[in-house]
file protein27.csv (CSV, C-alpha atoms and all ligand atoms)
chain,number,residue,atom,x,y,z
A,636,MET,CA,5.8,9.0,46.0
A,637,LYS,CA,3.6,12.0,46.2
A,638,THR,CA,1.4,13.5,49.0
A,639,VAL,CA,-2.0,15.2,48.8
A,640,GLU,CA,-3.3,17.1,51.8
A,641,VAL,CA,-7.0,17.0,52.8
A,642,ARG,CA,-8.5,19.7,55.0
A,643,SER,CA,-11.3,18.6,57.4
A,644,GLY,CA,-13.1,19.9,60.4
A,645,SER,CA,-11.8,17.0,62.5
A,646,GLY,CA,-8.2,17.5,61.5
A,647,ASP,CA,-6.2,17.6,58.3
A,648,TYR,CA,-4.7,14.4,56.9
A,649,ARG,CA,-2.4,13.2,54.2
A,650,ILE,CA,-2.8,10.9,51.2
A,651,HIS,CA,0.4,9.1,50.3
A,652,ILE,CA,0.4,8.0,46.7
A,653,GLY,CA,2.8,5.8,44.7
A,654,PRO,CA,3.7,2.3,43.7
A,655,GLY,CA,5.0,0.0,46.5
A,656,LEU,CA,3.7,2.0,49.4
A,657,LEU,CA,2.2,-0.9,51.2
A,658,GLU,CA,5.7,-1.8,52.3
A,659,GLN,CA,6.1,1.6,53.9
A,660,THR,CA,2.9,1.5,55.8
A,661,GLY,CA,4.5,0.7,59.2
A,662,GLN,CA,6.8,3.7,58.7
A,663,TRP,CA,3.9,6.1,57.9
A,664,LEU,CA,1.8,4.9,60.8
A,665,THR,CA,4.7,5.4,63.2
A,666,GLU,CA,5.2,8.9,61.9
A,667,ILE,CA,1.6,9.8,62.7
A,668,GLY,CA,2.1,8.6,66.2
A,669,PHE,CA,0.5,5.1,66.3
A,670,SER,CA,2.1,2.2,68.2
A,671,GLY,CA,1.1,-1.1,69.6
A,672,LYS,CA,-1.9,-3.0,68.4
A,673,LEU,CA,-3.6,-2.4,65.0
A,674,VAL,CA,-6.7,-4.1,63.4
A,675,VAL,CA,-6.7,-4.7,59.7
A,676,ILE,CA,-10.1,-5.2,58.1
A,677,THR,CA,-10.0,-6.8,54.6
A,678,ASN,CA,-11.5,-9.6,52.4
A,679,PRO,CA,-10.0,-13.0,51.5
A,680,LEU,CA,-9.1,-11.9,47.9
A,681,VAL,CA,-7.2,-8.8,48.9
A,682,ARG,CA,-5.7,-10.5,51.9
A,683,LYS,CA,-4.2,-13.2,49.7
A,684,LEU,CA,-2.7,-10.6,47.3
A,685,TYR,CA,-1.5,-7.9,49.8
A,686,GLY,CA,-2.0,-9.2,53.4
A,687,ASP,CA,1.6,-10.4,53.7
A,688,SER,CA,3.4,-7.3,52.4
A,689,LEU,CA,1.2,-5.1,54.7
A,690,ALA,CA,1.7,-7.4,57.7
A,691,GLN,CA,5.5,-7.5,57.1
A,692,SER,CA,5.7,-3.8,57.0
A,693,LEU,CA,3.6,-3.4,60.2
A,694,GLU,CA,5.6,-6.0,62.1
A,695,GLY,CA,8.9,-4.5,60.9
A,696,SER,CA,7.8,-1.3,62.6
A,697,GLY,CA,6.9,-3.1,65.8
A,698,PHE,CA,3.1,-3.2,65.5
A,699,GLU,CA,1.0,-6.1,66.7
A,700,THR,CA,-1.5,-6.8,63.9
A,701,ILE,CA,-4.9,-8.5,64.1
A,702,THR,CA,-6.6,-9.2,60.8
A,703,LEU,CA,-10.4,-9.5,60.5
A,704,GLU,CA,-11.8,-10.8,57.3
A,705,VAL,CA,-15.2,-10.3,55.8
A,706,PRO,CA,-16.4,-12.1,52.6
A,707,ASP,CA,-16.1,-10.2,49.3
A,708,GLY,CA,-19.1,-8.3,48.0
A,709,GLU,CA,-21.3,-5.3,48.2
A,710,GLU,CA,-23.8,-7.3,50.4
A,711,GLN,CA,-21.2,-7.2,53.2
A,712,LYS,CA,-21.8,-3.5,53.6
A,713,SER,CA,-24.5,-4.3,56.2
A,714,LEU,CA,-25.4,-3.8,59.8
A,715,ASP,CA,-25.1,-7.5,60.3
A,716,THR,CA,-21.5,-7.6,59.1
A,717,ALA,CA,-20.7,-4.5,61.2
A,718,GLY,CA,-22.3,-6.2,64.2
A,719,ARG,CA,-20.0,-9.2,63.7
A,720,LEU,CA,-17.0,-7.0,63.4
A,721,TYR,CA,-17.9,-5.1,66.7
A,722,HIS,CA,-18.0,-8.5,68.3
A,723,GLU,CA,-14.6,-9.6,66.9
A,724,LEU,CA,-13.1,-6.3,68.0
A,725,THR,CA,-14.3,-6.8,71.5
A,726,ILE,CA,-12.8,-10.3,71.6
A,727,ALA,CA,-9.5,-8.9,70.3
A,728,TYR,CA,-9.5,-6.3,73.1
A,729,ALA,CA,-9.5,-3.5,70.7
A,730,GLU,CA,-9.5,-0.2,72.6
A,731,ARG,CA,-10.4,3.4,71.7
A,732,THR,CA,-6.9,4.1,70.7
A,733,THR,CA,-6.5,0.9,68.5
A,734,PRO,CA,-6.5,2.0,64.8
A,735,ILE,CA,-8.5,0.2,62.2
A,736,LEU,CA,-6.8,-0.2,58.8
A,737,ALA,CA,-9.3,-0.7,55.9
A,738,LEU,CA,-7.4,-2.7,53.3
A,739,GLY,CA,-9.4,-3.1,50.1
A,740,GLY,CA,-11.8,-1.5,47.7
A,741,GLY,CA,-14.7,0.9,48.4
A,742,VAL,CA,-16.8,-1.9,50.1
A,743,ILE,CA,-14.1,-2.5,52.7
A,744,GLY,CA,-13.4,1.2,53.0
A,745,ASP,CA,-17.1,2.1,53.6
A,746,LEU,CA,-17.7,-0.8,56.0
A,747,ALA,CA,-14.5,-0.7,58.0
A,748,GLY,CA,-14.9,3.1,58.1
A,749,PHE,CA,-18.4,2.8,59.5
A,750,VAL,CA,-17.2,0.4,62.1
A,751,ALA,CA,-14.3,2.7,63.0
A,752,ALA,CA,-16.6,5.6,63.3
A,753,THR,CA,-19.0,3.8,65.7
A,754,TYR,CA,-16.9,1.3,67.7
A,755,GLN,CA,-16.3,2.8,71.1
A,756,ARG,CA,-17.6,6.1,69.7
A,757,GLY,CA,-14.8,6.2,67.2
A,758,VAL,CA,-11.3,4.7,66.8
A,759,PRO,CA,-8.6,6.0,64.5
A,760,LEU,CA,-9.1,5.0,60.8
A,761,VAL,CA,-6.5,4.5,58.1
A,762,GLN,CA,-7.7,3.9,54.5
A,763,ILE,CA,-5.5,1.6,52.4
A,764,PRO,CA,-7.5,1.6,49.1
A,765,THR,CA,-6.7,-1.1,46.5
A,766,THR,CA,-9.1,-0.4,43.7
A,767,LEU,CA,-8.9,2.6,41.4
A,768,LEU,CA,-12.3,3.7,42.4
A,769,ALA,CA,-11.3,3.6,46.1
A,770,GLN,CA,-8.0,5.4,45.4
A,771,VAL,CA,-9.5,8.3,43.5
A,772,ASP,CA,-12.9,8.5,45.2
A,773,SER,CA,-14.2,6.5,48.1
A,774,SER,CA,-11.2,6.6,50.4
A,775,ILE,CA,-11.1,10.4,50.4
A,776,GLY,CA,-13.6,12.7,52.1
A,777,GLY,CA,-14.9,10.7,55.0
A,778,LYS,CA,-18.2,9.3,53.9
A,779,VAL,CA,-18.7,5.9,55.5
A,780,ALA,CA,-21.8,3.8,55.4
A,781,VAL,CA,-23.6,0.5,55.1
A,782,ASN,CA,-26.6,-0.3,53.1
A,783,HIS,CA,-30.0,-1.1,54.7
A,784,GLY,CA,-33.0,-2.8,53.1
A,785,GLN,CA,-33.0,-1.8,49.4
A,786,LEU,CA,-31.3,1.5,50.1
A,787,LYS,CA,-27.6,2.1,49.4
A,788,ASN,CA,-25.4,4.0,51.9
A,789,ASN,CA,-28.4,5.1,53.9
A,790,ILE,CA,-26.9,4.3,57.4
A,791,GLY,CA,-23.7,6.2,57.8
A,792,THR,CA,-21.8,9.2,58.9
A,793,PHE,CA,-18.9,11.5,58.1
A,794,TYR,CA,-15.7,10.1,59.6
A,795,GLN,CA,-12.3,11.2,58.3
A,796,PRO,CA,-9.4,8.9,58.2
A,797,ARG,CA,-6.1,9.8,60.0
A,798,ALA,CA,-4.2,9.0,56.8
A,799,VAL,CA,-4.7,7.4,53.4
A,800,ILE,CA,-2.0,5.1,52.0
A,801,THR,CA,-2.5,4.6,48.3
A,802,ASP,CA,-0.3,1.9,46.7
A,803,THR,CA,-0.9,2.4,43.0
A,804,GLY,CA,1.0,-0.9,42.4
A,805,THR,CA,-2.1,-2.8,43.7
A,806,LEU,CA,-4.0,-1.7,40.6
A,807,LYS,CA,-2.0,-4.2,38.5
A,808,THR,CA,-4.1,-7.1,39.9
A,809,LEU,CA,-7.5,-5.5,39.3
A,810,ASP,CA,-9.9,-6.9,36.8
A,811,ARG,CA,-10.2,-4.8,33.7
A,812,ARG,CA,-13.8,-4.1,34.4
A,813,GLU,CA,-13.0,-2.9,38.0
A,814,PHE,CA,-10.2,-0.8,36.6
A,815,ASN,CA,-12.6,0.8,34.2
A,816,ASN,CA,-15.0,1.5,37.0
A,817,GLY,CA,-12.4,3.7,38.5
A,818,LEU,CA,-11.5,5.3,35.2
A,819,ALA,CA,-15.0,6.5,34.8
A,820,GLU,CA,-14.7,8.4,38.1
A,821,VAL,CA,-11.3,9.9,36.9
A,822,ILE,CA,-13.1,11.2,33.8
A,823,LYS,CA,-15.9,12.4,36.0
A,824,SER,CA,-13.6,14.4,38.2
A,825,ALA,CA,-11.8,15.9,35.2
A,826,VAL,CA,-15.0,17.0,33.5
A,827,VAL,CA,-16.4,18.7,36.7
A,828,TRP,CA,-13.2,20.4,37.8
A,829,ASP,CA,-10.0,20.0,35.8
A,830,ARG,CA,-9.6,20.5,32.1
A,831,GLU,CA,-5.9,19.7,32.3
A,832,LEU,CA,-6.5,16.3,33.9
A,833,PHE,CA,-8.9,15.6,31.0
A,834,ALA,CA,-6.2,16.4,28.5
A,835,PHE,CA,-3.8,14.3,30.5
A,836,VAL,CA,-6.1,11.3,30.3
A,837,GLU,CA,-6.8,11.9,26.6
A,838,GLN,CA,-3.1,12.0,25.8
A,839,ASN,CA,-2.0,9.1,28.0
A,840,LEU,CA,-4.8,6.6,27.6
A,841,SER,CA,-2.7,3.9,26.2
A,842,LYS,CA,-0.1,4.2,29.1
A,843,ILE,CA,-3.0,4.3,31.6
A,844,LYS,CA,-4.4,1.1,30.1
A,845,SER,CA,-1.1,-0.6,30.1
A,846,LEU,CA,-0.7,0.4,33.8
A,847,ASP,CA,2.5,2.3,33.4
A,848,ASN,CA,3.7,3.1,37.0
A,849,ASP,CA,4.4,6.8,36.5
A,850,THR,CA,1.3,7.5,34.5
A,851,LEU,CA,-0.9,5.7,37.0
A,852,GLU,CA,0.7,7.6,39.9
A,853,GLU,CA,0.2,10.9,38.2
A,854,MET,CA,-3.4,10.2,37.3
A,855,VAL,CA,-4.3,9.1,40.8
A,856,VAL,CA,-2.5,12.1,42.4
A,857,ARG,CA,-4.3,14.6,40.1
A,858,THR,CA,-7.7,13.0,40.7
A,859,ALA,CA,-7.2,12.6,44.5
A,860,LYS,CA,-6.3,16.3,44.6
A,861,ILE,CA,-9.7,17.2,43.0
A,862,LYS,CA,-11.6,15.2,45.5
A,863,ALA,CA,-9.5,16.6,48.3
A,864,GLU,CA,-10.2,20.2,47.1
A,865,ILE,CA,-13.9,19.7,46.7
A,866,VAL,CA,-14.5,17.9,50.1
A,867,GLY,CA,-12.2,20.4,51.7
A,868,GLU,CA,-14.7,23.1,50.7
A,869,ASP,CA,-17.8,21.2,51.5
A,870,GLU,CA,-17.0,18.3,53.9
A,871,ARG,CA,-20.7,17.7,54.8
A,872,ASP,CA,-22.1,17.6,51.3
A,873,LEU,CA,-24.2,20.7,51.6
A,874,GLY,CA,-23.4,22.3,48.3
A,875,LEU,CA,-20.3,22.0,46.1
A,876,ARG,CA,-19.7,18.3,46.8
A,877,SER,CA,-22.9,17.5,44.8
A,878,ILE,CA,-21.1,18.2,41.5
A,879,LEU,CA,-19.3,14.9,42.1
A,880,ASN,CA,-22.6,13.3,41.2
A,881,TYR,CA,-22.1,14.3,37.6
A,882,GLY,CA,-23.2,11.3,35.5
A,883,HIS,CA,-24.7,9.6,38.6
A,884,THR,CA,-28.3,10.7,38.3
A,885,VAL,CA,-28.8,8.6,35.2
A,886,GLY,CA,-26.0,6.2,36.2
A,887,HIS,CA,-27.7,5.0,39.3
A,888,ALA,CA,-31.0,4.5,37.4
A,889,ILE,CA,-29.2,2.5,34.7
A,890,GLU,CA,-27.4,0.4,37.3
A,891,SER,CA,-30.7,-0.6,39.0
A,892,ALA,CA,-32.7,-0.8,35.7
A,893,SER,CA,-30.1,-3.3,34.5
A,894,ASP,CA,-30.4,-5.3,37.7
A,895,PHE,CA,-26.7,-4.3,38.3
A,896,LYS,CA,-25.5,-6.2,35.2
A,897,THR,CA,-24.2,-2.8,34.1
A,898,THR,CA,-21.4,-1.9,36.5
A,899,HIS,CA,-21.3,1.4,38.3
A,900,GLY,CA,-18.6,2.9,36.1
A,901,GLU,CA,-20.3,1.8,32.9
A,902,ALA,CA,-23.5,3.3,34.0
A,903,VAL,CA,-21.8,6.5,35.1
A,904,ALA,CA,-20.1,6.7,31.6
A,905,ILE,CA,-23.5,6.5,29.9
A,906,GLY,CA,-24.8,9.1,32.4
A,907,MET,CA,-21.9,11.5,31.8
A,908,LEU,CA,-22.5,11.4,28.1
A,909,ALA,CA,-26.2,11.8,28.5
A,910,ALA,CA,-25.6,14.9,30.6
A,911,GLY,CA,-23.2,16.2,27.9
A,912,LYS,CA,-25.8,15.6,25.2
A,913,ILE,CA,-28.5,17.4,27.2
A,914,SER,CA,-26.2,20.3,27.8
A,915,ASN,CA,-25.4,20.4,24.1
A,916,ARG,CA,-29.2,20.3,23.2
A,917,LEU,CA,-29.7,23.2,25.6
A,918,GLY,CA,-27.2,25.1,23.5
A,919,ILE,CA,-24.5,25.2,26.3
A,920,LEU,CA,-21.9,22.5,25.7
A,921,ASP,CA,-20.1,23.0,22.4
A,922,ARG,CA,-20.3,20.1,19.9
A,923,ASN,CA,-16.5,19.7,19.9
A,924,GLU,CA,-16.4,19.3,23.6
A,925,LEU,CA,-19.2,16.7,23.5
A,926,GLU,CA,-17.2,14.8,20.9
A,927,LYS,CA,-14.1,14.9,23.0
A,928,LEU,CA,-16.0,13.5,25.9
A,929,GLN,CA,-17.5,10.7,23.8
A,930,THR,CA,-14.1,9.8,22.4
A,931,VAL,CA,-12.4,9.5,25.8
A,932,ILE,CA,-15.3,7.3,27.1
A,933,VAL,CA,-15.1,5.0,24.1
A,934,GLU,CA,-11.3,4.8,24.1
A,935,ALA,CA,-11.3,4.1,27.8
A,936,GLY,CA,-13.3,1.0,27.0
A,937,LEU,CA,-16.5,2.3,28.6
A,938,PRO,CA,-19.9,2.1,27.0
A,939,THR,CA,-21.9,5.1,25.6
A,940,ALA,CA,-25.2,3.3,25.4
A,941,ILE,CA,-27.0,0.1,26.3
A,942,PRO,CA,-28.8,-1.4,23.4
A,943,ASP,CA,-31.6,-3.2,25.1
A,944,LEU,CA,-32.2,-0.8,28.0
A,945,LYS,CA,-35.9,-0.1,28.6
A,946,MET,CA,-36.6,3.6,29.0
A,947,GLU,CA,-39.6,3.0,31.2
A,948,LYS,CA,-37.4,1.1,33.7
A,949,ILE,CA,-34.9,4.0,33.9
A,950,VAL,CA,-37.6,6.6,34.4
A,951,GLU,CA,-39.2,4.3,37.0
A,952,ALA,CA,-35.9,3.9,38.8
A,953,MET,CA,-35.4,7.7,38.9
A,954,ARG,CA,-39.0,8.2,40.2
A,955,HIS,CA,-38.2,5.6,42.9
A,956,ASP,CA,-35.0,7.5,43.7
A,957,LYS,CA,-37.1,10.7,44.0
A,958,LYS,CA,-35.0,12.3,41.3
A,959,ILE,CA,-38.0,13.4,39.2
A,960,PHE,CA,-40.2,16.2,40.5
A,961,HIS,CA,-43.2,17.3,38.3
A,962,GLY,CA,-41.5,15.8,35.3
A,963,LYS,CA,-38.3,17.7,35.8
A,964,LEU,CA,-34.9,16.4,36.9
A,965,ARG,CA,-32.0,17.8,38.7
A,966,PHE,CA,-28.9,17.4,36.6
A,967,ILE,CA,-25.2,18.3,36.9
A,968,LEU,CA,-24.4,19.4,33.3
A,969,PRO,CA,-21.1,20.3,31.8
A,970,ARG,CA,-20.7,23.9,30.6
A,971,MET,CA,-17.4,22.9,29.1
A,972,ILE,CA,-14.9,20.2,30.0
A,973,GLY,CA,-13.6,21.3,33.4
A,974,GLU,CA,-16.7,23.1,34.5
A,975,VAL,CA,-20.3,22.1,35.4
A,976,PHE,CA,-23.5,23.7,36.6
A,977,ILE,CA,-26.6,22.5,38.3
A,978,SER,CA,-29.9,22.6,36.4
A,979,ASP,CA,-33.4,21.9,37.7
A,980,GLU,CA,-34.9,22.4,34.3
A,981,VAL,CA,-34.2,19.2,32.4
A,982,SER,CA,-37.4,17.5,31.3
A,983,SER,CA,-37.7,13.7,31.4
A,984,HIS,CA,-38.7,14.1,27.7
A,985,LEU,CA,-35.3,15.6,26.9
A,986,LEU,CA,-33.6,12.8,28.9
A,987,GLU,CA,-35.5,10.2,27.0
A,988,GLU,CA,-34.5,11.8,23.7
A,989,VAL,CA,-30.8,11.7,24.4
A,990,LEU,CA,-30.8,8.2,25.9
A,991,VAL,CA,-32.7,6.8,23.0
A,992,GLY,CA,-31.1,8.8,20.2
B,1,LIG,N1,-17.4,6.6,50.6
B,1,LIG,C1,-17.5,7.2,49.4
B,1,LIG,O1,-17.3,8.4,49.2
B,1,LIG,C2,-17.8,6.3,48.2
B,1,LIG,C3,-17.6,6.9,46.9
B,1,LIG,C4,-17.8,6.0,45.8
B,1,LIG,C5,-18.2,4.7,46.0
B,1,LIG,N2,-18.3,4.2,47.3
B,1,LIG,C6,-18.6,2.8,47.5
B,1,LIG,O2,-17.6,2.0,47.0
B,1,LIG,C7,-18.1,0.7,46.8
B,1,LIG,C8,-17.5,0.2,45.5
B,1,LIG,O3,-16.1,0.2,45.6
B,1,LIG,P1,-15.2,-0.7,44.6
B,1,LIG,O4,-15.5,-0.3,43.2
B,1,LIG,O5,-13.8,-0.5,45.1
B,1,LIG,O6,-15.7,-2.2,44.8
B,1,LIG,P2,-15.2,-3.4,45.8
B,1,LIG,O7,-14.7,-2.9,47.0
B,1,LIG,O8,-16.3,-4.4,45.8
B,1,LIG,O9,-13.9,-4.0,44.9
B,1,LIG,C9,-14.2,-4.5,43.7
B,1,LIG,C10,-13.6,-5.9,43.6
B,1,LIG,O10,-12.1,-5.8,43.5
B,1,LIG,C11,-11.5,-6.7,44.4
B,1,LIG,N3,-10.2,-6.1,44.7
B,1,LIG,C12,-10.0,-5.0,45.5
B,1,LIG,N4,-8.7,-4.7,45.4
B,1,LIG,C13,-8.1,-5.5,44.5
B,1,LIG,C14,-6.8,-5.6,43.9
B,1,LIG,N5,-5.9,-4.7,44.2
B,1,LIG,N6,-6.6,-6.6,43.0
B,1,LIG,C15,-7.6,-7.4,42.6
B,1,LIG,N7,-8.9,-7.4,43.1
B,1,LIG,C16,-9.1,-6.4,44.0
B,1,LIG,C17,-12.5,-6.7,45.6
B,1,LIG,O11,-12.3,-7.8,46.4
B,1,LIG,C18,-13.8,-6.8,44.8
B,1,LIG,O12,-14.1,-8.1,44.4
B,1,LIG,C19,-19.6,0.8,46.8
B,1,LIG,O13,-20.1,0.2,47.9
B,1,LIG,C20,-19.9,2.3,46.8
B,1,LIG,O14,-21.0,2.6,47.5
B,1,LIG,C21,-18.1,5.0,48.4
B,2,ZN,ZN,-19.5,6.8,41.4
call {"tool": "encode", "arguments": {"input": "protein27.csv", "output": "structure tokens"}}
result
Amino acid sequence: MKTVEVRSGSGDYRIHIGPGLLEQTGQWLTEIGFSGKLVVITNPLVRKLYGDSLAQSLEGSGFETITLEVPDGEEQKSLDTAGRLYHELTIAYAERTTPILALGGGVIGDLAGFVAATYQRGVPLVQIPTTLLAQVDSSIGGKVAVNHGQLKNNIGTFYQPRAVITDTGTLKTLDRREFNNGLAEVIKSAVVWDRELFAFVEQNLSKIKSLDNDTLEEMVVRTAKIKAEIVGEDERDLGLRSILNYGHTVGHAIESASDFKTTHGEAVAIGMLAAGKISNRLGILDRNELEKLQTVIVEAGLPTAIPDLKMEKIVEAMRHDKKIFHGKLRFILPRMIGEVFISDEVSSHLLEEVLVG
């Protein structure tokens, strides 16, 4: 088990990372001073897999646990579902001191986090992420939100958890496609911040893919540290934190242009490589570095292009997203692996060239 510290304006907190940690949850929560009643928010799939081991650990430490379920799926990140949860919390006599535990992937984390931030003006939140994406990205940094209308994450706030309990053993039941979604964010973090993590992923890809316990723990710890460091510097996303959007400018456009048939991680992989190619065309990113990036993406099982993607649809999605101003786009570009810069000078023409070619 390893621990990563996160600094935040509302108090520092710890991320506990390792296989089998669900069984120690009761102990960790006692240590941070919780007692009595707790509410777990989860979905039926995750509950079936991990609800019992969590409940046993909590009961073993003397907690009274109430579990609230929401159906699986991104569409549950809504004000409607939040409203239903407020109602159920009221019925369960949840009070201002009753902690909410978010057990699941990023959808549960964002939704339960949003509910924790707003119910009774805020109750303690504990993130228990069970997807790779949630473990290395969404459970850290306090962004909580629901979607509204066509817009993603547009109703939300910053609300830091009191602790994050990351059981890397839960990754063993993830679909390969979901696992790869998270792997794309690992590669992203490495490219923006940590050349050594990139080398670690390069050298250990087969162990990562075969879900070796120690390798997974090491990878999640290193990636969580990066996110912790970046959000510790820029909690409110006013500057530095935006580098975590590397690969996402094009990624989001591809996701929506493909009607979400392309997953988030797949789209981000294509976006990361496109940004690499742009940087290379601009004479900044070395050819060797670009090739390394491409190789890792391919060997991770992520795509580098989508054959039947219509360029107009992507450009249209970016316009809609207000990412294009006067034919120019804002891009996070790699200078080398481990370092990025922000450019406002990328033309939509150059983007088209790298996506098509
Ligand atoms: N708050 C942030 O900073 C932040 C950052 C990135 C993404 N997000 C959000 O995260 C969400 C995506 O999260 P996600 O990729 O975790 O998707 P998800 O929460 O939908 O989980 C993916 C699927 O895996 C299932 N699942 C979860 N844990 C499992 C396990 N251990 N074994 C088997 N199946 C399991 C889920 O039930 C779901 O079907 C999006 O809504 C996105 O906006 C938030
Ligand atoms: Zn992402």
call {"tool": "residues_around", "arguments": {"input": "protein27.csv", "residues": "stretch 730-732 of chain A", "least_positions_apart": "2", "cutoff": "8 Å", "atoms": "only C-alpha atoms", "output": "number ranges by chain"}}
result
A: 728, 734, 754-759
call {"tool": "closest_residue", "arguments": {"input": "protein27.csv", "among": "A:Asp707, A:Asp647, A:Glu901, A:Glu658", "to": "A:Lys823", "atoms": "all atoms listed in the file"}}
result
A:Glu901
call {"tool": "residues_around", "arguments": {"input": "protein27.csv", "residues": "A:Gly671", "least_positions_apart": "2", "cutoff": "9 Å", "atoms": "all atoms listed in the file", "output": "NGL selection string"}}
result
:A and (669 or 673 or 697-700 or 733)
call {"tool": "residues_around", "arguments": {"input": "protein27.csv", "residues": "A:Ala902", "least_positions_apart": "2", "cutoff": "6 Å", "atoms": "only C-alpha atoms", "output": "list of chain:residue names"}}
result
A:Gly886, A:Ile889, A:Glu890, A:His899, A:Gly900, A:Ala904, A:Ile905
call {"tool": "closest_residue", "arguments": {"input": "protein27.csv", "among": "A:Ser670, A:Thr702, A:Asn678, A:Thr753", "to": "A:Gly718", "atoms": "only C-alpha atoms"}}
result
A:Thr753
call {"tool": "residues_near_ligand", "arguments": {"input": "protein27.csv", "ligand": "ligand LIG 1 (chain B)", "cutoff": "6 Å", "atoms": "all atoms listed in the file", "output": "number ranges by chain"}}
result
A: 680-681, 707-709, 739-743, 745, 765-766, 768-769, 772-773, 778-779, 805-806, 808-809
call {"tool": "write_last_selection", "arguments": {"input": "protein27.csv", "atoms": "C-alpha atoms", "output": "CSV table (one decimal), in the coordinates of the input"}}
result
chain,number,residue,atom,x,y,z
A,680,LEU,CA,-9.1,-11.9,47.9
A,681,VAL,CA,-7.2,-8.8,48.9
A,707,ASP,CA,-16.1,-10.2,49.3
A,708,GLY,CA,-19.1,-8.3,48.0
A,709,GLU,CA,-21.3,-5.3,48.2
A,739,GLY,CA,-9.4,-3.1,50.1
A,740,GLY,CA,-11.8,-1.5,47.7
A,741,GLY,CA,-14.7,0.9,48.4
A,742,VAL,CA,-16.8,-1.9,50.1
A,743,ILE,CA,-14.1,-2.5,52.7
A,745,ASP,CA,-17.1,2.1,53.6
A,765,THR,CA,-6.7,-1.1,46.5
A,766,THR,CA,-9.1,-0.4,43.7
A,768,LEU,CA,-12.3,3.7,42.4
A,769,ALA,CA,-11.3,3.6,46.1
A,772,ASP,CA,-12.9,8.5,45.2
A,773,SER,CA,-14.2,6.5,48.1
A,778,LYS,CA,-18.2,9.3,53.9
A,779,VAL,CA,-18.7,5.9,55.5
A,805,THR,CA,-2.1,-2.8,43.7
A,806,LEU,CA,-4.0,-1.7,40.6
A,808,THR,CA,-4.1,-7.1,39.9
A,809,LEU,CA,-7.5,-5.5,39.3
call {"tool": "residues_around", "arguments": {"input": "protein27.csv", "residues": "A:Lys862", "least_positions_apart": "3", "cutoff": "9 Å", "atoms": "only C-alpha atoms", "output": "list of chain:residue names"}}
result
A:Val641, A:Val771, A:Asp772, A:Ile775, A:Gly776, A:Ser824, A:Thr858, A:Ala859, A:Ile865, A:Val866, A:Gly867, A:Arg876, A:Leu879
call {"tool": "atom_distance", "arguments": {"input": "protein27.csv", "atom1": "atom CA of A:Ile652", "atom2": "atom CA of A:Ile861"}}
result
14.2 Å
call {"tool": "closest_residue", "arguments": {"input": "protein27.csv", "among": "A:Gly874, A:Gly686, A:Gly748, A:Gly817", "to": "ligand ZN 2 (chain B)", "atoms": "only C-alpha atoms and all ligand atoms"}}
result
A:Gly817
call {"tool": "closest_residue", "arguments": {"input": "protein27.csv", "among": "A:Leu767, A:Val991, A:Ile913, A:Ala940", "to": "ligand ZN 2 (chain B)", "atoms": "all atoms listed in the file"}}
result
A:Leu767
call {"tool": "closest_residue", "arguments": {"input": "protein27.csv", "among": "A:Asp687, A:Glu837, A:Glu640, A:Glu820", "to": "ligand ZN 2 (chain B)", "atoms": "only C-alpha atoms and all ligand atoms"}}
result
A:Glu820
call {"tool": "residues_around", "arguments": {"input": "protein27.csv", "residues": "A:Met854", "least_positions_apart": "5", "cutoff": "12 Å", "atoms": "all atoms listed in the file", "output": "mmCIF file with C-alpha atoms, keeping the file's coordinate frame"}}
result
data_model
loop_
_atom_site.group_PDB
_atom_site.id
_atom_site.type_symbol
_atom_site.label_atom_id
_atom_site.label_comp_id
_atom_site.auth_asym_id
_atom_site.auth_seq_id
_atom_site.Cartn_x
_atom_site.Cartn_y
_atom_site.Cartn_z
ATOM 1 C CA LYS A 637 3.600 12.000 46.200
ATOM 2 C CA ILE A 652 0.400 8.000 46.700
ATOM 3 C CA GLY A 653 2.800 5.800 44.700
ATOM 4 C CA LEU A 767 -8.900 2.600 41.400
ATOM 5 C CA GLN A 770 -8.000 5.400 45.400
ATOM 6 C CA VAL A 771 -9.500 8.300 43.500
ATOM 7 C CA THR A 803 -0.900 2.400 43.000
ATOM 8 C CA GLY A 817 -12.400 3.700 38.500
ATOM 9 C CA LEU A 818 -11.500 5.300 35.200
ATOM 10 C CA GLU A 820 -14.700 8.400 38.100
ATOM 11 C CA VAL A 821 -11.300 9.900 36.900
ATOM 12 C CA ILE A 822 -13.100 11.200 33.800
ATOM 13 C CA SER A 824 -13.600 14.400 38.200
ATOM 14 C CA ALA A 825 -11.800 15.900 35.200
ATOM 15 C CA ASP A 829 -10.000 20.000 35.800
ATOM 16 C CA GLU A 831 -5.900 19.700 32.300
ATOM 17 C CA LEU A 832 -6.500 16.300 33.900
ATOM 18 C CA PHE A 833 -8.900 15.600 31.000
ATOM 19 C CA ALA A 834 -6.200 16.400 28.500
ATOM 20 C CA PHE A 835 -3.800 14.300 30.500
ATOM 21 C CA VAL A 836 -6.100 11.300 30.300
ATOM 22 C CA GLU A 837 -6.800 11.900 26.600
ATOM 23 C CA GLN A 838 -3.100 12.000 25.800
ATOM 24 C CA ASN A 839 -2.000 9.100 28.000
ATOM 25 C CA LEU A 840 -4.800 6.600 27.600
ATOM 26 C CA LYS A 842 -0.100 4.200 29.100
ATOM 27 C CA ILE A 843 -3.000 4.300 31.600
ATOM 28 C CA LYS A 844 -4.400 1.100 30.100
ATOM 29 C CA LEU A 846 -0.700 0.400 33.800
ATOM 30 C CA ASP A 847 2.500 2.300 33.400
ATOM 31 C CA ASN A 848 3.700 3.100 37.000
ATOM 32 C CA ASP A 849 4.400 6.800 36.500
ATOM 33 C CA ALA A 859 -7.200 12.600 44.500
ATOM 34 C CA LYS A 860 -6.300 16.300 44.600
ATOM 35 C CA ILE A 861 -9.700 17.200 43.000
#
